[in-house]
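Here is the structure we will look at, set down as structure tokens.
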Amino acid sequence: MSSDSSSSNYAFSSICCVGAGYVGGSTMPIIAKHCPKITVSVVDLNKPRIDAWNSPNLPIYEPDLQPIVEAYRGKNLFFTTDCNTEIKRADVIFIAVNTGTKEYGFGGGSAYDLGAWEAVSRSIAENATEERLYIIVEKSTVPVRTAEKVKEILDACKKSPKTHFEVLSNPEFLAEGTAVLNLEKPDRVLVGGDVKSENGKRAVSSVCWMYEQWVPKERVLTSNIWSSELSKLAANAFLSQRISSVNSLSAICEATGADIEEVSRVIGTDARVGSKFLKTSVGWGGSCFKKDLLGLIYLCDTCHLSEVANYWRQVIAMNEYQKERFGRRIVTQMYGTVNRKKILLLGYAFKKDTGDTRESAAIDLCRFLTAEKANLHVYDPKVPAEEIKESFPTVTIINDPLQHVEGAHALVVATEWDEFKSYNYEEIFKKMVKPAFIFDGRNILDHDKLESIGFYVFAVGKRSKHEANF
């Protein structure tokens with residue numbers, strides 16, 4: 001439901017965001033832009049990261065973010081390592097620290113690692129010592145009922161009985177590459193809290209008031225805190241499920257001769273389904289989908305809902321199958337071997353307009369092709385060469401694919417960077433070993449034109465006329 005929070009009685013003047021990573025670094029500049037009377041401080045103990053936020057070279061790449069940071073940095077937007085001071089004087093404290101998947105012990109491989117959250121909660125209790133209300137806002141994705149545990153730590157460790165903490169859930173719904181647009185014109189903003197208590201009502205209304213400085217009021221939704229925490233997991237689960245569903249159909253299309261783009265278009269015209277997230281690919285990636293699915297699965301397991309957990313496990317399993325299937329198709333169609341064959345992998349980020357490589361399908365392709373002893377050359381316009389080399393020291397990193405196609409057997413499109421659509425493929429074809437293969441893992445190229453040039457083209461969800469089974 002929409003909040004009723006237009007009154008200036010809910011206004012506040014200072015924000016401290018703990019965590020200068022992707023979520024905090026993207027969100028806080030937008031708040032500073034639209035709320036000029038609020039001082040926004042982003043704090044992090046990682047000094048190199050803070051230094052980067054205070055430099056011309058931001059630590060993350062996100063279209064349109066840098067000019068906003070530069071416009072408000074030093075005015076009402078600040079980046080600092082002085083966590084203690086900023087926590088003490090803030091009215092609202094956002095927690096935007098990393099919540100990766102736990103890799104050890106009980107729940108390893110599926111549960112969230114909440115060590116950073118506990119540390120931040122204790123730091124807030126230690127430093128937020130004024131005898132007043134502090135509003136604590138969960139911004140990172142967390143398991144359901146995390147707010148309850150944060151509140152428990154805060155109340156147990158606070159310095160004065162007159163210091164009050166109210167914990168809210170305000171999940172981020174950002175897509176990398178379009179984060180600024182997502183924040184400027186969100187589909188919805190969700191604020192979860194306990195509106196039955198006076199402090200809870202005030203806290204929810206204050207955060208809603210902040211967002212309503214630029215977001216239409218009807219798009220600022222409120223719920224209880226548990227619903228808010230679950231809604232974030234559910235949203236990402238639904239999105240990844242849609243992609244895995246259409247990718248499962250792409251396998252059927254390749255086997256039967258149906259065209260996945262035609263099938264997706266027909267499905268998408270149904271108003272009950274809609275057309276978004278029906279684009280097939282080599283597989284989904286990014287920092288959120290798998291992590292949040294694993295968190296949801298762990299929640300189901302702890303609630304003894306094994307059938308529900310198994311349902312969501314299959315979404316991940318289908319994504320892994322899609323990546324493996326695409327890699328096998330490359331080897332199969334190149335006459336059963338890529339040993340010592342020069343292959344150019346176009347793209348390493350998990351999607352275009354970002355330098356983020358977390359859970360990128362390109363990583364799986366690199367692992368698969370290097371295991372098959374391919375002579376792999378990798379290009380990405382935003383991912384640092386040293387990052388790729390750290391994982392794959394034997395691959396060749398290139399700065400310009402057009403200068404390295406000589407003697408290549410195949411091009412593999414792993415990320416949908418727009419520049420790949422504008423290459424001079426006539427000239428590329430002349431320099432490649434024949435037959436010259438293109439494997440389009442994003443379906444962004446003009447396949448008919450490429451075929452007319454002479455390429456053997458293999459696209460996801462489309463049976464090639466050169467298809468062979470060895």
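Residue numbering restarts at 1 in every chain; chains get A, B, ... in the order shown in the structure tokens, and ligands count up from 1 in that same order.
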All residues 12 Å or closer to Thr302 (chain A), only C-alpha atoms, same chain fewer than 2 positions away omitted, as a list in words: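 The residues satisfying every condition are Phe106, Gly107, Ser110, Ala111, Pro143, Val144, Gly295, Leu296, Ile297, Tyr298, Leu299, Cys300, His304, Leu305, Ser306, Val308 and Ala309 of chain A.
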If DSSP is run on the backbone, what residues of region 4-93 of chain A are strand (DSSP E or B)? A reply as an mmCIF file with N, CA and C atoms, in the first residue's frame would be ideal.
```
data_model
loop_
_atom_site.group_PDB
_atom_site.id
_atom_site.type_symbol
_atom_site.label_atom_id
_atom_site.label_comp_id
_atom_site.auth_asym_id
_atom_site.auth_seq_id
_atom_site.Cartn_x
_atom_site.Cartn_y
_atom_site.Cartn_z
ATOM 1 N N SER A 14 20.323 14.212 7.980
ATOM 2 C CA SER A 14 21.600 13.542 7.742
ATOM 3 C C SER A 14 21.434 12.040 7.557
ATOM 4 N N ILE A 15 22.216 11.510 6.606
ATOM 5 C CA ILE A 15 22.244 10.078 6.309
ATOM 6 C C ILE A 15 23.680 9.600 6.398
ATOM 7 N N CYS A 16 23.864 8.435 6.980
ATOM 8 C CA CYS A 16 25.132 7.730 6.907
ATOM 9 C C CYS A 16 24.857 6.389 6.240
ATOM 10 N N CYS A 17 25.577 6.101 5.165
ATOM 11 C CA CYS A 17 25.451 4.808 4.491
ATOM 12 C C CYS A 17 26.713 4.012 4.759
ATOM 13 N N VAL A 18 26.584 2.894 5.448
ATOM 14 C CA VAL A 18 27.724 2.040 5.758
ATOM 15 C C VAL A 18 27.890 1.038 4.617
ATOM 16 N N THR A 39 22.399 15.905 4.273
ATOM 17 C CA THR A 39 23.815 15.583 4.121
ATOM 18 C C THR A 39 23.959 14.069 4.058
ATOM 19 N N VAL A 40 24.550 13.586 2.978
ATOM 20 C CA VAL A 40 24.684 12.154 2.747
ATOM 21 C C VAL A 40 26.154 11.771 2.826
ATOM 22 N N SER A 41 26.492 10.927 3.791
ATOM 23 C CA SER A 41 27.871 10.469 3.961
ATOM 24 C C SER A 41 27.940 8.963 3.736
ATOM 25 N N VAL A 42 28.816 8.556 2.829
ATOM 26 C CA VAL A 42 29.040 7.140 2.555
ATOM 27 C C VAL A 42 30.342 6.741 3.216
ATOM 28 N N VAL A 43 30.282 5.748 4.103
ATOM 29 C CA VAL A 43 31.460 5.376 4.881
ATOM 30 C C VAL A 43 31.868 3.946 4.580
ATOM 31 N N ARG A 73 29.364 15.733 -4.938
ATOM 32 C CA ARG A 73 30.460 15.409 -4.023
ATOM 33 C C ARG A 73 31.075 16.689 -3.472
ATOM 34 N N LEU A 77 27.215 15.460 -0.526
ATOM 35 C CA LEU A 77 27.583 14.054 -0.703
ATOM 36 C C LEU A 77 29.057 13.891 -0.357
ATOM 37 N N PHE A 78 29.341 12.987 0.594
ATOM 38 C CA PHE A 78 30.709 12.824 1.082
ATOM 39 C C PHE A 78 31.060 11.339 1.179
ATOM 40 N N PHE A 79 32.321 11.037 0.906
ATOM 41 C CA PHE A 79 32.839 9.673 1.034
ATOM 42 C C PHE A 79 33.996 9.715 2.019
ATOM 43 N N THR A 80 33.929 8.876 3.064
ATOM 44 C CA THR A 80 34.911 8.969 4.134
ATOM 45 C C THR A 80 35.112 7.615 4.812
ATOM 46 N N VAL A 92 19.508 8.870 9.892
ATOM 47 C CA VAL A 92 19.175 7.605 9.236
ATOM 48 C C VAL A 92 20.468 6.918 8.829
ATOM 49 N N ILE A 93 20.592 5.644 9.169
ATOM 50 C CA ILE A 93 21.792 4.872 8.846
ATOM 51 C C ILE A 93 21.393 3.730 7.918
#
```
When distances are computed from only C-alpha atoms, which of A:Val150, A:Ala234, A:Cys157, A:Ala468 shows the smallest separation from Gly336 (chain A)?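 Comparing A:Val150, A:Ala234, A:Cys157, A:Ala468 against Gly336 (chain A), the winner is A:Ala468.
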Excluding same-chain residues fewer than 4 positions from region 236-242 of chain A, what lies within 8 Å of it counting only C-alpha atoms, as an mmCIF file with N, CA and C atoms, in the first residue's frame?
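Contents of part-v8.cif, freshly written:
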```
data_model
loop_
_atom_site.group_PDB
_atom_site.id
_atom_site.type_symbol
_atom_site.label_atom_id
_atom_site.label_comp_id
_atom_site.auth_asym_id
_atom_site.auth_seq_id
_atom_site.Cartn_x
_atom_site.Cartn_y
_atom_site.Cartn_z
ATOM 1 N N LYS A 232 12.217 -8.953 -1.866
ATOM 2 C CA LYS A 232 13.444 -8.813 -2.650
ATOM 3 C C LYS A 232 13.911 -10.160 -3.170
ATOM 4 N N VAL A 246 12.865 -19.530 -20.456
ATOM 5 C CA VAL A 246 13.028 -19.299 -21.893
ATOM 6 C C VAL A 246 14.287 -19.999 -22.399
ATOM 7 N N PHE A 277 12.153 -9.939 -19.891
ATOM 8 C CA PHE A 277 12.919 -11.077 -19.397
ATOM 9 C C PHE A 277 12.553 -12.378 -20.120
ATOM 10 N N LEU A 278 12.279 -12.270 -21.404
ATOM 11 C CA LEU A 278 12.072 -13.445 -22.239
ATOM 12 C C LEU A 278 13.146 -13.529 -23.320
ATOM 13 N N TRP A 284 22.209 -16.565 -17.327
ATOM 14 C CA TRP A 284 22.183 -15.353 -16.526
ATOM 15 C C TRP A 284 23.338 -15.363 -15.515
ATOM 16 N N CYS A 288 23.452 -11.022 -7.871
ATOM 17 C CA CYS A 288 22.236 -11.205 -7.077
ATOM 18 C C CYS A 288 21.474 -12.500 -7.331
ATOM 19 N N PHE A 289 21.283 -12.851 -8.598
ATOM 20 C CA PHE A 289 20.328 -13.921 -8.893
ATOM 21 C C PHE A 289 20.666 -15.228 -8.168
ATOM 22 N N ASP A 292 20.672 -14.858 -4.271
ATOM 23 C CA ASP A 292 19.344 -14.729 -3.676
ATOM 24 C C ASP A 292 18.528 -16.001 -3.826
ATOM 25 N N LEU A 293 18.716 -16.714 -4.935
ATOM 26 C CA LEU A 293 18.057 -18.013 -5.073
ATOM 27 C C LEU A 293 18.567 -18.989 -4.017
ATOM 28 N N TRP A 312 13.014 -24.292 -6.677
ATOM 29 C CA TRP A 312 13.915 -23.173 -6.972
ATOM 30 C C TRP A 312 15.321 -23.659 -7.309
ATOM 31 N N VAL A 315 15.840 -23.893 -11.034
ATOM 32 C CA VAL A 315 16.120 -22.664 -11.778
ATOM 33 C C VAL A 315 17.628 -22.495 -11.940
#
```
Which residues, written as a list in words, have at least one atom at most 6 Å from Val220 (chain A), with only C-alpha atoms counted and residues fewer than 2 positions away on the same chain left out?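 Those residues are Ser2, Arg188, Val189, Lys217 and Glu218 of chain A.
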From A:Gly285, A:Gly115, A:Gly21, A:Pro48, residue lying nearest Thr146 (chain A) [only C-alpha atoms]: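 With only C-alpha atoms as the atom set, the closest residue is A:Gly115.
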Shortest interatomic distance to Val120 (chain A) - which of A:Asn76, A:Gly19, A:Lys88, A:Pro36, counting only C-alpha atoms: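 When distances to Val120 (chain A) are compared using only C-alpha atoms, the smallest one comes from A:Gly19.
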From the list A:Lys389, A:His404, A:Lys290, A:Lys323, which residue is nearest Lys342 (chain A) when using only C-alpha atoms?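 Ranking A:Lys389, A:His404, A:Lys290, A:Lys323 by distance to Lys342 (chain A), first place goes to A:His404.
Between Asp356 (chain A) and the residues A:Ile438, A:Val395, A:Ala175, A:Ala90, the shortest atom-to-atom distance, using only C-alpha atoms, involves A:Ala175.
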Could you list, as an MDAnalysis selection string, every residue within 10 Å of Ser248 (chain A), counting only C-alpha atoms and ignoring same-chain residues fewer than 6 positions away? chainID A and resid 242 280 315 318:319 321:322 461
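Distance annotation: of A:Pro161, A:Pro171, A:Gly74, A:Pro393, the residue with the minimal separation from Val23 (chain A) is A:Pro171; atom set is only C-alpha atoms.
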Coordinates-based distance that separates CA of Leu233 (chain A) from CA of Val207 (chain A) (Å, one decimal): 21.2 Å
Among region 14-44 of chain A, which residues does DSSP mark as helix (DSSP H, G or I) when it is run on the backbone? Keep the chain and numbering as in the structure and answer as a short mmCIF file (atom, residue, chain, number, x, y, z; two decimals) with N, CA, C and O atoms, in the first residue's frame.
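After the write, selection-v7.cif holds the following:
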```
data_model
loop_
_atom_site.label_atom_id
_atom_site.label_comp_id
_atom_site.auth_asym_id
_atom_site.auth_seq_id
_atom_site.Cartn_x
_atom_site.Cartn_y
_atom_site.Cartn_z
N TYR A 22 28.64 -1.35 -4.57
CA TYR A 22 27.76 -1.04 -5.68
C TYR A 22 26.44 -0.42 -5.22
O TYR A 22 25.99 0.59 -5.76
N VAL A 23 25.81 -1.01 -4.21
CA VAL A 23 24.48 -0.54 -3.78
C VAL A 23 24.58 0.84 -3.14
O VAL A 23 23.88 1.78 -3.52
N GLY A 24 25.45 0.98 -2.14
CA GLY A 24 25.59 2.28 -1.48
C GLY A 24 26.12 3.34 -2.42
O GLY A 24 25.64 4.48 -2.42
N GLY A 25 27.11 2.97 -3.24
CA GLY A 25 27.71 3.94 -4.15
C GLY A 25 26.79 4.40 -5.25
O GLY A 25 26.94 5.52 -5.76
N SER A 26 25.84 3.57 -5.64
CA SER A 26 24.88 3.97 -6.67
C SER A 26 23.71 4.75 -6.09
O SER A 26 23.24 5.73 -6.68
N THR A 27 23.23 4.33 -4.93
CA THR A 27 22.00 4.89 -4.36
C THR A 27 22.20 6.26 -3.73
O THR A 27 21.39 7.18 -3.93
N MET A 28 23.25 6.42 -2.96
CA MET A 28 23.41 7.64 -2.17
C MET A 28 23.57 8.90 -3.04
O MET A 28 23.02 9.96 -2.69
N PRO A 29 24.28 8.86 -4.18
CA PRO A 29 24.35 10.07 -5.01
C PRO A 29 22.98 10.52 -5.53
O PRO A 29 22.74 11.72 -5.67
N ILE A 30 22.09 9.58 -5.79
CA ILE A 30 20.75 9.95 -6.26
C ILE A 30 19.97 10.62 -5.14
O ILE A 30 19.25 11.61 -5.36
N ILE A 31 20.11 10.10 -3.92
CA ILE A 31 19.45 10.74 -2.77
C ILE A 31 20.00 12.15 -2.57
O ILE A 31 19.24 13.10 -2.36
N ALA A 32 21.32 12.29 -2.66
CA ALA A 32 21.93 13.61 -2.50
C ALA A 32 21.43 14.58 -3.56
O ALA A 32 21.19 15.77 -3.28
N LYS A 33 21.26 14.10 -4.77
CA LYS A 33 20.79 14.95 -5.87
C LYS A 33 19.39 15.49 -5.60
O LYS A 33 19.12 16.68 -5.81
N HIS A 34 18.50 14.64 -5.14
CA HIS A 34 17.10 15.03 -5.00
C HIS A 34 16.74 15.57 -3.62
O HIS A 34 15.64 16.10 -3.44
#
```
Within 7 Å of Val97 (chain A) using only C-alpha atoms, minus same-chain residues under 2 positions, as a list in words: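 Final neighbour list, sorted by chain and number: Val18, Gly19, Ile95, Thr99, Ala116, Trp117 and Ser140 of chain A.
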Need to verify the contact set: Ala147 (chain A), 8 Å, only C-alpha atoms, exclusion of same-chain residues closer than 2 positions in sequence. Can you return it as a VMD selection string? chain A and resid 138 144 to 145 149 to 151 167 to 169 225
Could you tell me how far CA of His447 (chain A) sits from CA of Asp418 (chain A), in Å to one decimal place? 15.4 Å
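A straight line drawn from CA of Ala349 (chain A) to CA of Pro435 (chain A) is 28.0 Å long.
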